[in-house]
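Below is one structure; the comments refer to it alone.
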Amino acid sequence: MWRRPFPWLIVIAALLFALVPYYTNDVGMRESLLLAAVYIILASNLNLMIGYAGYVNFGNIVFFGLGGYICLYLVTVGHVHVIVASLVAGVAVSAVALLFGAGILRLRGAFFALATIGVNQAVQQLVVNFEPWGGATGIYLSLDSYKPLGGAMQALWWMYLLIVLLTAASMLLSYAIKNSKFGLGLIAIGQNEDAAAVLGVPTARYKALIYSASAFLPAVAGGLYFFKSGIIEPTSAFDLQTSIEAIVMLMLGGSGTILGPAFGAFVYEELRGFLLTTEYLSHFQLVIAGALLLVIVQFAPGGLLGWLHRQWPRSRRWLE
Amino acid sequence: MFGILASVIDGILVGAVYGLAAMGLTLIWGVMNVINLAHGAIIVIGMFLLYVIVYSLGLHPYVAVPAMIVFGFVFGIVLYWIAVHRVIGQPELMSLLSTFAVNMVLIGLGTAWWSTSPYNVPVSMPSVSWQSYTFTGTHIAAAIMAVVIAGLLYLLLYHTRIGKAVRAVANNREAAELTGIPTTQVLAMAFGLGVALAGVSGTLIATLFPFTVLSGEAYQLKSFVVTVLGGLGNPAGALLGGVALGLIEGMATPFMPVNWIPVIEFGLFILCLIAFPRGIFSFTKA
């Protein structure tokens, strides 16, 4: 895996991501990059389902939100260290996804896509009514929770570095899966599931595994992100719009590629930041995102990377 | 006992309107295998058309019903050419994303124009009293109009040449093309019909309840529940599915806090999908 230049490229990019704001001590840059990093994690893990296995998951955000809730609950009630808590959240959410995936992955195509919307909304409504997690008002952290990390200022930097680490992990996970027998099986499922099954790909097991795998890193990231925010509540934790924006990013960069989702997420986040801060455009952020998605779907379904690969076939070796 | 009965009857009345919305969704799916994720936004257009007709033009609220049918049909055909035509026959991801993109644009424009604050159009209709219970006139009128529009759709699909063409294209597009049916125009028309149905159901819903630019999402999800209950791709089933959903809502309301109803709906939705992965809808789609 490490013989090819690609994984080293990711390590170097992640180091730049982590170190540049740290050494320039630029908090504004950190916050903007943090959002971009979170989106990269979401888009990249979504790519495992959409780009590889060909299953559209509209409700990917449910993993992020659930991870956040479990982590914050453990931190506030159990006084567990945030790193341990977010890892526990990741494992728990993956396990739930595995169980759930076994059920809803019997559905195909559009039916699966609809069911994932249903799962997200059902979980959101459940959490609204779930008193131990604070119901509709959610969970707040007190400042004491940041003490084990050396105060709130230090904690913010820690969370940033850890989320960048997760971003790199997402990319490497995508890379490792793509270059494995498992990944080959998934791509076969994405192209023609019945043919893949006939050729001996254990489709049901692979689909459940990838659904569960695509839940782990977003759940951990959710834990860290909401710990950093200090508050979690159902509407922001299970925001269907964010989930779908992740699909826009994925399509913008190029689904099925490894760098594409990261590239798309980064560009989209910067674009969004620009739109939100430009006065006469701030109301039209959603309109522009929608129009962008429409144009990509109609005219460039391969996204930016797909377009590059077509123009310069040699770029495939470097930009996977 | 009568309390439950009244609530159930009201549920059925509202359910007929849900059924009408779902018919729009299911017609488009049945004819061109596209799940229209702009459905919710189109329902919202119907709602705001009512608002514009009543407050900007000062006309009677029910004028909005035929107006929306005409406007929805034209708008649907335009949408077909912008967003749907190029993705027909492609993987589902493409049509889902394409229609969702339309949804984002419409909701974005709506939010910029009307913000997300609630709107209400009061419609005065005499209520019907029975013993100590009253049934709101608007609910009865909306249910009757929903059933009449559904009946008109049935006549169009089963008793006209155009309807025959639509059914032929739904059945087998290549064969229909070979017999000389202009299938692309038929698809555009079917999309227009679907959009008109969704829009007019939005208009009817707006005569019953307050609404915001973002209300569409909730009704879109209800439409999904209904289509899954009634069989995706089956317009008659959609009306029955709508009534069934209304019945469930009506029966659940007296027994549990309102907050829990969405949990039940989505739970039912997922269970239905899983229990009948292709089963109940497979008679229109292989």
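By order of appearance in the structure tokens: chains A, B, ..., then residues from 1 within every chain, and ligands from 1 in the order shown.
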Worksheet entry | Contacts of range 88-96 of chain B within 7 Å, only C-alpha atoms, excl. fewer than 2 positions in-chain, as number ranges by chain | A: 56, 109-110, 297; B: 34-37, 84-86, 98-100
Residues of chain A no more than 6 Å from chain B, counting only C-alpha atoms: send them over as a tab-separated table (two decimals) with C-alpha atoms, in the first residue's frame.
chain	number	residue	atom	x	y	z
A	107	LEU	CA	-33.58	-2.72	-0.57
A	115	ALA	CA	-35.19	4.30	3.46
A	118	GLY	CA	-36.51	7.63	6.74
A	122	ALA	CA	-36.88	8.53	12.53
A	125	GLN	CA	-37.65	12.33	16.00
A	283	HIS	CA	-29.63	34.42	0.64
A	286	LEU	CA	-28.85	27.08	-1.42
A	287	VAL	CA	-29.90	28.18	-4.91
A	290	GLY	CA	-28.54	23.42	-6.19
A	293	LEU	CA	-25.40	20.13	-8.53
A	294	LEU	CA	-27.87	20.26	-11.40
Neighbour list for Val198 in chain A as a compact mmCIF listing (two decimals) with C-alpha atoms, in the first residue's frame, cut-off 12 Å, only C-alpha atoms, skip fewer than 4 positions in-chain:
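The result, stored in result-v4.txt:
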# COMPACT_ATOMS: atom_id res chain seq x y z
CA GLY A 185 -16.22 -6.69 -4.88
CA ALA A 188 -18.61 -4.96 -8.94
CA ILE A 189 -21.76 -4.54 -6.83
CA ASN A 192 -24.14 -4.84 -11.59
CA GLU A 193 -25.17 -6.41 -8.34
CA ASP A 194 -26.74 -9.54 -9.80
CA PRO A 202 -20.86 -12.17 -1.04
CA THR A 203 -23.01 -9.13 -1.78
8 Å contact set for Ile205 in chain B, only C-alpha atoms, chain neighbours under 4 positions out, as a CSV table (one decimal) with N, CA and C atoms, in the first residue's frame:
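Okay, this is what ended up in around_13.csv:
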chain,number,residue,atom,x,y,z
B,17,VAL,N,-56.2,14.0,0.9
B,17,VAL,CA,-55.3,15.0,0.4
B,17,VAL,C,-53.9,14.5,0.3
B,47,MET,N,-48.8,25.7,-2.1
B,47,MET,CA,-49.3,26.5,-0.9
B,47,MET,C,-49.2,28.0,-1.2
B,142,ALA,N,-61.8,19.9,1.0
B,142,ALA,CA,-60.5,19.5,0.5
B,142,ALA,C,-60.6,18.0,0.1
B,201,SER,N,-52.3,19.4,-4.5
B,201,SER,CA,-52.4,18.9,-3.1
B,201,SER,C,-51.8,19.9,-2.1
B,209,PHE,N,-54.1,23.9,6.9
B,209,PHE,CA,-53.1,24.1,8.0
B,209,PHE,C,-52.2,25.3,7.6
Which residues are near Arg205 in chain A? Cut-off 10 Å, only C-alpha atoms, ignore same chain within fewer than 4 positions. Put them as a JSON list (two decimals) with C-alpha atoms, in the first residue's frame.
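The result, written out as part_29.json:
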[["chain", "number", "residue", "atom", "x", "y", "z"],
["A", 98, "LEU", "CA", -24.14, -3.20, 10.90],
["A", 101, "GLY", "CA", -27.67, -2.30, 7.37],
["A", 102, "ALA", "CA", -28.58, -5.97, 7.39],
["A", 105, "LEU", "CA", -29.66, -3.11, 2.52],
["A", 201, "VAL", "CA", -19.14, -11.80, -4.44],
["A", 209, "LEU", "CA", -19.75, -4.22, 6.07],
["A", 210, "ILE", "CA", -19.30, -1.11, 3.93],
["A", 211, "TYR", "CA", -22.39, 0.50, 5.45]]
Practice prompt. Extract, using only C-alpha atoms, all DNA, RNA and protein residues at most 10 Å from Tyr52 in chain A, discarding same-chain residues fewer than 2 positions from it, and format them as a VMD selection string.
Written response: chain A and resid 46 to 50 54 to 55 174 177 to 178 183 to 191 210 255 to 257
List the neighbours of Leu87 in chain A out to 6 Å using only C-alpha atoms; skip same-chain residues closer than 3 positions along the sequence, and give me the result as a PDB file with N, CA and C atoms, in the first residue's frame.
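selection.pdb, freshly written:
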ATOM      1  N   VAL A  84     -11.533   8.785  24.347  1.00  0.00           N
ATOM      2  CA  VAL A  84     -12.112   7.466  24.600  1.00  0.00           C
ATOM      3  C   VAL A  84     -13.595   7.485  24.231  1.00  0.00           C
ATOM      4  N   GLY A  90     -17.821   5.795  18.051  1.00  0.00           N
ATOM      5  CA  GLY A  90     -17.579   5.260  16.717  1.00  0.00           C
ATOM      6  C   GLY A  90     -17.891   3.780  16.637  1.00  0.00           C
ATOM      7  N   VAL A 220     -16.969   9.112  14.934  1.00  0.00           N
ATOM      8  CA  VAL A 220     -15.886   9.633  15.775  1.00  0.00           C
ATOM      9  C   VAL A 220     -15.767  11.143  15.566  1.00  0.00           C
TER      10      VAL A 220
END
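Nearest residue to Glu320 in chain A, choosing from A:Ala246, A:Ala300, A:Met171, A:Val62 and counting only C-alpha atoms: A:Met171.
Our summary of the geometry notes that CA of Gln185 in chain B is positioned 13.0 Å from CA of Leu79 in chain B.
Among the candidate residues A:Val11, A:Ile296, A:Val38, A:Tyr225, the one lying nearest to Ala262 in chain A is A:Val38, with distances computed using only C-alpha atoms.
Scanning range 128-276 of chain B with DSSP on the backbone, the strand (DSSP E or B) assignments fall on Val128, Ser129, Trp130, Tyr133, Thr134, Phe135 and Phe211 of chain B.
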Residues of the last selection are to be written out with C-alpha atoms, as a short mmCIF file (atom, residue, chain, number, x, y, z; two decimals), in the first residue's frame.
data_model
loop_
_atom_site.label_atom_id
_atom_site.label_comp_id
_atom_site.auth_asym_id
_atom_site.auth_seq_id
_atom_site.Cartn_x
_atom_site.Cartn_y
_atom_site.Cartn_z
CA VAL B 128 -70.89 20.16 9.54
CA SER B 129 -72.14 19.30 13.02
CA TRP B 130 -73.15 15.85 14.10
CA TYR B 133 -68.92 16.88 17.08
CA THR B 134 -68.19 19.31 14.31
CA PHE B 135 -66.25 18.51 11.18
CA PHE B 211 -47.43 26.49 6.24
#
Worksheet item: So, counting only C-alpha atoms, which residue among A:Pro234, A:Gly273, A:Gly68, A:Gly223 is closest to Gly28 in chain A?
Response: A:Gly273
Response to the item:
Using only C-alpha atoms, the shortest atom-to-atom distance to Pro261 in chain A among A:Leu305, A:Ala92, A:Leu292, A:Val119 belongs to A:Leu305
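Between CA of Gln154 in chain A and CA of Ala221 in chain A the interatomic distance comes to 18.0 Å.
For the pair CA of Met256 in chain B and CA of Ala6 in chain B, the interatomic distance is 16.2 Å.
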